[in-house]
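Listing of entry_25.cif; format and content: mmCIF, C-alpha atoms.
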data_protein
loop_
_atom_site.label_atom_id
_atom_site.label_comp_id
_atom_site.auth_asym_id
_atom_site.auth_seq_id
_atom_site.Cartn_x
_atom_site.Cartn_y
_atom_site.Cartn_z
CA MET A 1 99.51 103.75 118.57
CA ILE A 2 101.21 100.51 117.50
CA ARG A 3 99.84 97.23 118.81
CA SER A 4 101.78 93.98 118.92
CA ILE A 5 100.02 90.67 119.63
CA ILE A 6 101.96 87.49 120.44
CA CYS A 7 99.91 84.46 119.40
CA ILE A 8 102.02 81.31 119.82
CA GLY A 9 105.53 79.97 119.60
CA VAL A 10 108.94 81.47 119.00
CA ILE A 11 111.35 81.50 116.09
CA SER A 12 114.01 78.79 116.00
CA ALA A 13 117.62 79.92 115.98
CA SER A 14 118.48 77.34 113.33
CA THR A 15 118.90 78.19 109.66
CA TYR A 16 116.71 76.18 107.32
CA ALA A 17 117.23 75.47 103.66
CA GLY A 18 114.86 77.29 101.36
CA ASP A 19 114.80 80.72 102.97
CA TRP A 20 113.34 83.51 100.82
CA PRO A 21 113.98 86.53 103.07
CA GLN A 22 113.33 89.39 100.65
CA LEU A 23 111.80 90.38 97.34
CA LEU A 24 113.02 88.09 94.53
CA GLY A 25 114.84 85.72 96.85
CA PRO A 26 118.11 85.46 98.79
CA GLU A 27 120.18 87.41 96.23
CA ARG A 28 117.29 89.60 95.02
CA ASN A 29 117.69 88.28 91.47
CA GLY A 30 114.74 85.90 91.17
CA THR A 31 116.99 82.84 91.51
CA ALA A 32 116.19 80.10 94.03
CA PRO A 33 118.89 78.45 96.16
CA SER A 34 120.63 75.58 94.37
CA ASP A 35 119.03 72.96 96.63
CA GLU A 36 115.53 73.77 95.36
CA LYS A 37 114.18 71.44 92.67
CA LEU A 38 110.92 71.74 90.73
CA LEU A 39 108.48 68.95 90.01
CA THR A 40 108.07 68.44 86.27
CA THR A 41 104.77 66.57 86.56
CA TRP A 42 101.64 67.72 88.40
CA PRO A 43 98.31 66.09 89.21
CA SER A 44 95.64 66.55 86.52
CA GLY A 45 94.14 69.56 88.29
CA GLY A 46 97.46 71.31 88.79
CA PRO A 47 99.94 71.37 91.70
CA GLU A 48 98.63 70.44 95.14
CA LYS A 49 97.31 73.43 97.09
CA THR A 50 98.68 73.19 100.63
CA TRP A 51 97.49 76.50 102.12
CA SER A 52 94.64 78.97 101.68
CA ILE A 53 94.35 81.80 104.21
CA ASP A 54 92.23 84.94 103.96
CA ILE A 55 94.29 88.13 104.14
CA GLY A 56 93.71 91.82 103.52
CA GLN A 57 94.60 94.28 100.79
CA GLY A 58 98.01 94.98 99.26
CA PHE A 59 100.62 93.90 96.74
CA ALA A 60 103.50 93.11 99.13
CA GLY A 61 104.86 89.62 98.42
CA PRO A 62 105.42 86.98 101.13
CA VAL A 63 108.89 86.26 102.58
CA ILE A 64 110.19 83.25 104.52
CA GLN A 65 112.99 82.59 106.98
CA ASP A 66 113.60 79.92 109.64
CA GLN A 67 110.24 78.20 109.02
CA SER A 68 108.45 81.53 109.44
CA LEU A 69 106.22 82.95 106.71
CA VAL A 70 105.78 86.74 106.81
CA VAL A 71 102.71 88.37 105.26
CA PHE A 72 102.31 92.17 105.10
CA HIS A 73 98.80 93.40 104.32
CA ARG A 74 96.07 95.86 105.25
CA ASN A 75 93.28 94.72 107.54
CA GLY A 76 90.57 97.38 107.83
CA ASN A 77 92.22 100.60 108.97
CA LYS A 78 95.47 98.89 110.03
CA GLU A 79 98.63 97.84 108.23
CA ARG A 80 99.55 94.47 109.64
CA VAL A 81 102.36 91.91 109.63
CA ASP A 82 101.38 88.29 110.29
CA VAL A 83 103.90 85.50 110.83
CA PHE A 84 102.96 81.83 110.38
CA ASP A 85 104.82 78.60 111.08
CA THR A 86 105.42 76.99 107.67
CA GLU A 87 105.12 73.46 109.09
CA THR A 88 102.13 73.77 111.43
CA ARG A 89 100.50 76.65 109.47
CA GLN A 90 99.64 78.22 112.83
CA SER A 91 99.98 81.92 113.58
CA ARG A 92 103.08 82.85 115.57
CA TRP A 93 102.20 86.50 116.09
CA GLU A 94 100.76 89.61 114.46
CA THR A 95 101.72 93.27 114.71
CA GLU A 96 99.73 96.18 113.35
CA TRP A 97 99.67 99.98 113.20
CA PRO A 98 97.33 102.65 111.78
CA ALA A 99 97.06 102.69 107.98
CA GLU A 100 97.16 106.18 106.51
CA TYR A 101 97.23 105.50 102.77
CA ARG A 102 93.94 106.34 101.05
CA GLY A 103 94.64 104.82 97.65
CA GLY A 104 95.53 106.44 94.36
CA ILE A 105 95.13 105.39 90.74
CA ASN A 106 94.63 101.83 91.95
CA PRO A 107 91.85 101.53 94.58
CA ASP A 108 93.78 98.97 96.65
CA ALA A 109 94.97 100.70 99.84
CA GLY A 110 97.29 98.02 101.17
CA PRO A 111 101.10 97.96 101.31
CA ARG A 112 102.98 97.64 98.02
CA ALA A 113 106.55 96.93 99.17
CA THR A 114 107.64 93.39 100.06
CA PRO A 115 109.22 93.24 103.54
CA THR A 116 112.89 92.41 104.08
CA ILE A 117 114.25 90.11 106.80
CA HIS A 118 117.81 90.74 108.02
CA ASN A 119 119.56 89.72 111.23
CA LYS A 120 116.29 88.43 112.76
CA VAL A 121 114.51 91.72 112.09
CA ILE A 122 111.61 92.39 109.68
CA PHE A 123 111.64 95.74 107.88
CA ALA A 124 108.26 96.72 106.42
CA MET A 125 107.64 99.83 104.28
CA GLY A 126 103.98 100.82 104.28
CA ALA A 127 102.03 102.41 101.45
CA SER A 128 102.10 105.84 103.14
CA GLY A 129 105.85 105.73 103.78
CA ARG A 130 105.87 104.42 107.35
CA LEU A 131 108.96 102.21 107.83
CA VAL A 132 108.67 99.77 110.75
CA ALA A 133 111.31 97.41 112.17
CA MET A 134 110.15 94.49 114.33
CA THR A 135 111.73 91.36 115.76
CA MET A 136 111.25 87.99 114.08
CA GLU A 137 110.85 86.38 117.49
CA ASN A 138 107.63 88.00 118.62
CA GLY A 139 106.85 91.09 116.51
CA GLU A 140 108.10 93.60 119.05
CA ILE A 141 108.48 96.99 117.41
CA LEU A 142 112.11 98.12 117.59
CA TRP A 143 111.63 101.45 115.82
CA GLU A 144 109.58 103.24 113.19
CA ARG A 145 110.06 106.26 110.93
CA ASN A 146 107.45 108.34 109.11
CA THR A 147 109.63 108.80 106.04
CA ALA A 148 107.09 110.78 104.01
CA ARG A 149 106.84 113.50 106.65
CA GLU A 150 110.47 113.45 107.80
CA PHE A 151 112.04 113.58 104.32
CA ARG A 152 109.24 115.48 102.52
CA ALA A 153 108.40 112.68 100.11
CA GLN A 154 105.30 112.24 97.96
CA GLU A 155 103.23 109.06 97.64
CA GLY A 156 103.41 109.00 93.84
CA TYR A 157 100.90 107.28 91.59
CA PHE A 158 100.45 104.16 93.73
CA GLY A 159 101.84 104.99 97.18
CA PHE A 160 105.31 103.99 98.41
CA GLY A 161 106.35 100.73 96.77
CA SER A 162 110.15 100.30 96.73
CA SER A 163 111.20 97.47 99.05
CA PRO A 164 113.93 98.06 101.66
CA ILE A 165 117.30 96.39 101.22
CA ALA A 166 119.83 95.52 103.93
CA SER A 167 123.60 95.81 103.80
CA GLY A 168 125.84 95.37 106.82
CA ASN A 169 124.13 97.08 109.73
CA LYS A 170 121.98 99.36 107.59
CA VAL A 171 118.61 99.17 105.88
CA ILE A 172 118.31 101.35 102.79
CA VAL A 173 115.22 102.67 101.03
CA ASN A 174 114.52 104.76 97.94
CA ILE A 175 112.20 107.21 99.70
CA GLY A 176 112.16 109.98 97.11
CA GLY A 177 112.15 112.88 99.55
CA ASP A 178 113.21 116.48 99.00
CA THR A 179 115.56 116.12 101.98
CA GLY A 180 116.54 112.52 101.33
CA GLY A 181 116.12 110.64 98.08
CA ILE A 182 117.92 107.44 99.09
CA VAL A 183 118.19 107.00 102.85
CA ALA A 184 120.04 104.50 105.07
CA PHE A 185 118.90 103.73 108.62
CA ASP A 186 120.79 101.99 111.41
CA GLU A 187 119.07 98.60 111.60
CA LYS A 188 119.14 98.49 115.42
CA THR A 189 118.17 102.05 116.32
CA GLY A 190 116.44 103.40 113.22
CA LYS A 191 118.60 106.51 113.30
CA THR A 192 119.47 108.04 109.94
CA ALA A 193 122.89 106.77 108.88
CA TRP A 194 123.14 108.78 105.64
CA THR A 195 121.05 110.43 102.96
CA LEU A 196 121.79 110.88 99.28
CA GLY A 197 120.33 113.58 97.07
CA ASP A 198 116.71 114.26 96.30
CA TYR A 199 116.19 111.45 93.80
CA LYS A 200 112.49 110.77 93.40
CA ALA A 201 111.25 107.28 94.19
CA SER A 202 110.34 104.58 91.71
CA TYR A 203 108.57 101.25 92.19
CA SER A 204 111.79 99.38 91.45
CA SER A 205 113.61 97.92 94.45
CA PRO A 206 117.39 98.34 94.87
CA VAL A 207 119.93 95.51 94.72
CA THR A 208 123.30 94.94 96.39
CA THR A 209 126.60 94.34 94.62
CA THR A 210 130.31 95.11 94.96
CA LEU A 211 131.76 98.11 93.13
CA GLN A 212 135.36 99.29 93.36
CA GLY A 213 135.93 96.63 96.02
CA LYS A 214 133.22 97.94 98.37
CA PRO A 215 129.63 96.89 99.19
CA ALA A 216 127.31 98.99 97.05
CA ILE A 217 123.64 99.54 96.33
CA ILE A 218 122.27 100.03 92.82
CA CYS A 219 118.96 101.84 92.88
CA VAL A 220 116.62 102.67 89.99
CA THR A 221 114.95 105.94 90.94
CA ARG A 222 112.33 107.93 89.06
CA LEU A 223 114.74 109.36 86.46
CA HIS A 224 118.16 107.88 87.26
CA VAL A 225 120.05 104.74 88.16
CA VAL A 226 122.29 105.45 91.13
CA ALA A 227 125.20 103.47 92.59
CA VAL A 228 126.10 104.32 96.17
CA GLU A 229 128.55 102.98 98.75
CA ALA A 230 126.40 101.08 101.23
CA ASP A 231 128.49 102.00 104.28
CA THR A 232 129.05 105.69 103.65
CA GLY A 233 126.33 106.85 101.25
CA ASN A 234 128.96 108.26 98.92
CA LEU A 235 127.78 108.48 95.32
CA ILE A 236 129.76 106.20 93.00
CA TRP A 237 127.96 107.10 89.77
CA GLU A 238 124.59 107.97 88.30
CA ILE A 239 123.14 107.53 84.83
CA PRO A 240 119.83 108.76 83.38
CA PHE A 241 117.03 106.20 83.11
CA GLY A 242 113.30 106.86 82.97
CA ALA A 243 110.98 109.47 81.50
CA ARG A 244 108.90 112.32 82.83
CA GLY A 245 105.14 112.22 82.65
CA PRO A 246 102.80 109.30 83.46
CA THR A 247 105.51 106.62 83.59
CA VAL A 248 106.99 104.30 86.20
CA ASN A 249 110.19 102.31 86.65
CA GLY A 250 109.08 99.07 88.29
CA ALA A 251 111.40 96.16 87.50
CA ALA A 252 114.43 95.57 89.71
CA PRO A 253 117.85 95.96 88.07
CA ILE A 254 119.90 92.81 87.68
CA VAL A 255 123.69 92.49 87.91
CA LEU A 256 125.38 89.91 85.68
CA LYS A 257 128.98 89.82 86.95
CA ASP A 258 130.42 93.06 85.47
CA ARG A 259 127.26 94.12 83.66
CA LEU A 260 123.98 95.76 84.63
CA PHE A 261 120.61 95.15 82.96
CA LEU A 262 117.78 97.67 83.21
CA THR A 263 114.27 97.49 81.82
CA ALA A 264 111.14 99.64 81.71
CA SER A 265 108.18 100.29 79.42
CA TYR A 266 106.76 103.70 78.36
CA ARG A 267 109.30 103.96 75.49
CA ILE A 268 112.16 103.84 78.00
CA GLY A 269 113.25 100.36 76.95
CA ALA A 270 115.98 97.97 78.04
CA GLU A 271 119.66 98.76 78.49
CA MET A 272 122.80 96.77 79.19
CA HIS A 273 125.80 98.51 80.76
CA LYS A 274 129.34 97.36 81.49
CA LEU A 275 130.38 98.13 85.06
CA THR A 276 134.00 99.15 84.70
CA GLY A 277 135.84 102.21 85.90
CA SER A 278 134.06 105.13 87.50
CA ASN A 279 131.06 105.16 85.14
CA PRO A 280 129.05 102.43 83.38
CA THR A 281 129.44 102.08 79.62
CA LYS A 282 126.31 101.33 77.63
CA ILE A 283 126.67 98.14 75.56
CA TRP A 284 123.26 98.17 73.91
CA SER A 285 119.75 99.58 74.32
CA SER A 286 116.42 98.68 72.74
CA ASP A 287 112.73 99.27 73.27
CA ARG A 288 111.86 96.25 71.12
CA SER A 289 113.55 93.39 72.92
CA LEU A 290 112.46 93.22 76.59
CA SER A 291 110.77 96.34 77.96
CA SER A 292 108.95 95.40 81.18
CA GLN A 293 106.38 97.66 82.82
CA TYR A 294 107.00 96.30 86.32
CA ALA A 295 107.73 92.54 86.34
CA SER A 296 111.37 91.75 87.12
CA VAL A 297 113.51 89.43 84.99
CA VAL A 298 115.98 86.58 85.58
CA ALA A 299 119.27 85.69 83.92
CA HIS A 300 120.79 82.29 83.13
CA ASP A 301 123.85 81.28 81.10
CA GLY A 302 124.09 84.53 79.14
CA PHE A 303 120.38 84.96 78.45
CA ILE A 304 117.62 87.01 80.07
CA TYR A 305 114.01 85.88 80.52
CA GLY A 306 111.09 88.18 81.30
CA THR A 307 108.04 90.17 80.27
CA HIS A 308 108.01 92.53 77.30
CA GLY A 309 105.05 94.91 77.45
CA ARG A 310 102.45 96.42 79.73
CA GLU A 311 99.44 95.28 81.72
CA ASP A 312 97.31 98.32 80.84
CA ILE A 313 98.06 98.20 77.09
CA PRO A 314 98.18 94.52 76.11
CA PRO A 315 99.46 92.30 74.70
CA ALA A 316 102.45 91.48 76.88
CA HIS A 317 104.86 88.76 75.76
CA PHE A 318 107.25 86.48 77.64
CA ARG A 319 110.69 86.47 76.01
CA CYS A 320 114.24 85.22 76.02
CA ILE A 321 116.91 87.63 74.83
CA ASP A 322 120.66 87.42 74.37
CA ALA A 323 122.29 89.37 77.20
CA ASN A 324 125.24 90.33 74.99
CA THR A 325 123.25 91.89 72.16
CA GLY A 326 119.61 92.26 73.20
CA ALA A 327 118.56 90.07 70.27
CA ILE A 328 115.27 88.21 70.77
CA LYS A 329 115.84 84.45 70.86
CA TRP A 330 112.15 83.58 71.16
CA SER A 331 108.86 85.16 72.21
CA ALA A 332 105.79 83.51 73.77
CA ASP A 333 103.36 86.08 72.43
CA ASP A 334 100.35 87.31 74.42
CA HIS A 335 101.60 85.42 77.47
CA GLY A 336 100.58 88.26 79.78
CA VAL A 337 102.55 90.07 82.48
CA THR A 338 104.53 87.29 84.15
CA HIS A 339 106.54 86.91 87.34
CA VAL A 340 109.51 84.63 86.72
CA LEU A 341 111.69 82.70 89.18
CA ARG A 342 114.66 80.57 88.12
CA VAL A 343 115.12 77.18 89.75
CA ARG A 344 118.34 75.58 88.42
CA ASP A 345 117.76 75.26 84.65
CA HIS A 346 113.99 75.70 84.85
CA LEU A 347 111.75 78.75 85.07
CA LEU A 348 108.66 79.01 87.25
CA LEU A 349 106.22 81.43 85.59
CA LEU A 350 103.18 83.00 87.24
CA THR A 351 101.01 85.34 85.18
CA ILE A 352 99.02 88.04 86.93
CA GLU A 353 95.88 86.15 85.82
CA GLY A 354 96.88 83.08 87.86
CA GLN A 355 98.40 80.78 85.23
CA LEU A 356 101.35 78.83 86.63
CA SER A 357 103.88 77.06 84.40
CA VAL A 358 107.23 75.32 84.54
CA VAL A 359 109.34 76.11 81.48
CA LYS A 360 112.80 74.93 80.50
CA ALA A 361 115.39 77.74 80.55
CA ASN A 362 116.24 77.05 76.92
CA PRO A 363 117.40 79.92 74.68
CA ALA A 364 116.70 77.84 71.56
CA LYS A 365 112.92 77.66 72.02
CA TYR A 366 110.01 78.25 74.38
CA GLU A 367 109.75 74.85 76.05
CA PRO A 368 106.83 74.55 78.51
CA ILE A 369 106.78 71.39 80.60
CA VAL A 370 103.61 71.68 82.70
CA SER A 371 101.00 74.40 83.21
CA ALA A 372 97.75 74.96 85.13
CA LYS A 373 95.34 77.71 86.09
CA ILE A 374 95.70 77.89 89.88
CA THR A 375 93.44 80.86 90.72
CA ASP A 376 90.93 83.17 89.07
CA GLU A 377 92.00 86.10 91.25
CA GLY A 378 94.73 88.61 90.43
CA THR A 379 98.31 87.67 91.34
CA ARG A 380 100.28 90.92 90.94
CA ALA A 381 102.42 90.40 94.05
CA VAL A 382 105.80 88.73 93.54
CA PRO A 383 105.66 85.12 94.85
CA ALA A 384 108.20 83.31 97.04
CA LEU A 385 109.61 79.77 96.84
CA ALA A 386 110.88 77.82 99.84
CA ASN A 387 111.34 74.07 100.39
CA GLY A 388 109.38 73.19 97.28
CA ILE A 389 106.37 75.36 98.20
CA LEU A 390 105.33 78.37 96.11
CA TYR A 391 103.72 81.05 98.30
CA LEU A 392 101.67 83.74 96.59
CA ARG A 393 98.95 86.21 97.38
CA THR A 394 95.88 87.17 95.43
CA THR A 395 94.47 90.67 95.25
CA ASN A 396 91.33 92.00 93.60
CA ASP A 397 91.42 95.78 93.27
CA GLY A 398 90.13 97.36 96.46
CA GLU A 399 89.24 94.01 98.05
CA SER A 400 90.80 91.51 100.41
CA GLY A 401 92.66 88.51 99.04
CA LYS A 402 94.16 85.18 99.97
CA LEU A 403 97.52 83.68 100.77
CA LEU A 404 97.89 80.51 98.69
CA ALA A 405 100.61 77.87 98.72
CA PHE A 406 101.29 75.12 96.18
CA GLN A 407 103.59 72.10 96.16
CA VAL A 408 105.70 72.78 93.06
CA GLY A 409 108.97 71.18 94.12
CA THR A 410 110.67 68.76 96.45
CA SER A 411 112.03 69.70 99.86
CA PRO A 412 115.84 69.99 99.93
#
This structure in structure tokens:
Amino acid sequence: MIRSIICIGVISASTYAGDWPQLLGPERNGTAPSDEKLLTTWPSGGPEKTWSIDIGQGFAGPVIQDQSLVVFHRNGNKERVDVFDTETRQSRWETEWPAEYRGGINPDAGPRATPTIHNKVIFAMGASGRLVAMTMENGEILWERNTAREFRAQEGYFGFGSSPIASGNKVIVNIGGDTGGIVAFDEKTGKTAWTLGDYKASYSSPVTTTLQGKPAIICVTRLHVVAVEADTGNLIWEIPFGARGPTVNGAAPIVLKDRLFLTASYRIGAEMHKLTGSNPTKIWSSDRSLSSQYASVVAHDGFIYGTHGREDIPPAHFRCIDANTGAIKWSADDHGVTHVLRVRDHLLLLTIEGQLSVVKANPAKYEPIVSAKITDEGTRAVPALANGILYLRTTNDGESGKLLAFQVGTSP
């Protein structure tokens, strides 16, 4: 039984600057809109904390659209979506449904996948594979699918954790089922639009691009990278990527015009491919330049910035590499696993231990500008940036956490 509770207010029809409607931002590449600008000086104790709200378990990052902040978490035996007004900080509404995930290698039993907002609808993929679509206006449930049961998919090491992506009138998920590896649903009805193969799921989230003149999805699965026509589900190409055994693919792929960058740890390594013709052509590969266990990377002016290494086998380093060759330009050693967002020619870095920094996107040297410890709790979830405010969630394994917000920039 799904329960929807309307608390206060409605969503404005206007579009506000600073929306962050999905994992890794508007283009799913970790890059903020051009009207965002970071502060380069902070108070002595660090950036001003503007919010602190208790929330439940999970690793799903926050998303924002039209002055509405969406938080997906587990509260007791329910998975729950809460929406807050970013100006008043008051609850707009909450919607919840039974939580079925019991936890795996990590004791946290909350949702892993960051929700996606598209056409005034929130799409939330729960840790047990339940996909729910609800309205931004009041949380009314439009449809839901039990993807694990319907497509015979397994939870994997950490539950379902690949975020949905929207294209046109479809929402697409790497489910990993025997009867549907990558599946598209009609965003209005929830009916299956197409299925592709039996590709097993990863913890990487797909991205959109254009291939052969058509909207396409690039999806890193358990053992392959797959390009598929978003409208039809027709396979464009696939290439091997990943390794069997106790490994994961976690970082999102990133498209740099006519090239594709991939990264993973576990001796899989990083790869750069040229996207021409019917199949990608590998330009270079290396397991020594920028092999990220799960943190996604950003690109700027021909260089890539991100984490090299693993959380469970430290140290992990933060690096800049040349996108053309994979050569290391510099390495901030023992930096820790780090989420990175690009804001113009600066980088906003958040380690999973709660260290926040602003760094110049400079391929010549590691150039930190300001840094502060903002929390002692774990910050594994990918943060969001909107109107100069960094929204993040904390999670201690198996325990509830907090939603925190910090003034790190100026409002557009």
Query raised in the report: Quick one: residues within 12 Å of His73 of chain A, only C-alpha atoms counted, chain neighbours fewer than 4 positions away excluded, as a PyMOL selection string?
Result: chain A and resi 54-62+77-83+94-99+108-115+124-127+381+393-395+399-403
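Applied to this file, the PyMOL selection byres ((chain A and resi 385) around 9) selects the residues Gly18, Asp19, Trp20, Gly25, Ala32, Glu36, Val63, Ile64, Leu341, Pro383, Ala384, Ala386, Asn387, Gly388, Ile389, Leu390, Tyr391, Leu392 and Val408 of chain A.
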Return the padded bounding box of segment 368-377 of chain A as JSON: axis-aligned, built from all atoms listed in the file, 8 Å added on each side, with centre and edge lengths in Å to one decimal.
{"center_x": 98.9, "center_y": 78.7, "center_z": 84.9, "size_x": 31.9, "size_y": 30.7, "size_z": 28.7}
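Residue neighbourhood of Thr281 of chain A, excluding near-sequence residues (fewer than 4 positions): Trp237, Glu238, Ile239, Asp258, Arg259, Leu260, Phe261, Glu271, Met272, His273, Lys274, Leu275, Thr276, Gly277 and Ser285 of chain A, at 12 Å, using only C-alpha atoms.
Considering only C-alpha atoms, the residue among A:Glu87, A:Asp287, A:Glu187, A:Glu27 positioned nearest to Thr50 of chain A is A:Glu87.
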List the residues matched by the PyMOL selection byres ((chain A and resi 363) around 10) in the displayed structure as a compact mmCIF listing (two decimals) with C-alpha atoms, in the frame of the given file, ordered by chain and then by residue number.
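For reference, expr23.txt as written:
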# COMPACT_ATOMS: atom_id res chain seq x y z
CA HIS A 300 120.79 82.29 83.13
CA ASP A 301 123.85 81.28 81.10
CA GLY A 302 124.09 84.53 79.14
CA PHE A 303 120.38 84.96 78.45
CA ILE A 304 117.62 87.01 80.07
CA TYR A 305 114.01 85.88 80.52
CA ARG A 319 110.69 86.47 76.01
CA CYS A 320 114.24 85.22 76.02
CA ILE A 321 116.91 87.63 74.83
CA ASP A 322 120.66 87.42 74.37
CA ILE A 328 115.27 88.21 70.77
CA LYS A 329 115.84 84.45 70.86
CA TRP A 330 112.15 83.58 71.16
CA LYS A 360 112.80 74.93 80.50
CA ALA A 361 115.39 77.74 80.55
CA ASN A 362 116.24 77.05 76.92
CA ALA A 364 116.70 77.84 71.56
CA LYS A 365 112.92 77.66 72.02
CA TYR A 366 110.01 78.25 74.38
CA GLU A 367 109.75 74.85 76.05
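What separates atom CA of Tyr203 of chain A from atom CA of Phe151 of chain A is a distance of 17.6 Å.
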Query - Thr247 of chain A environment, 9 Å, all atoms listed in the file, sequence neighbours closer than 6 positions dropped, as a list in words - result: Arg222, Ser265 and Tyr266 of chain A
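Minimum atom-to-atom distances from A:Glu311, A:Glu144, A:Glu155, A:Asp397 to Ser291 of chain A were compared using only C-alpha atoms, and the lowest value belongs to A:Glu311.
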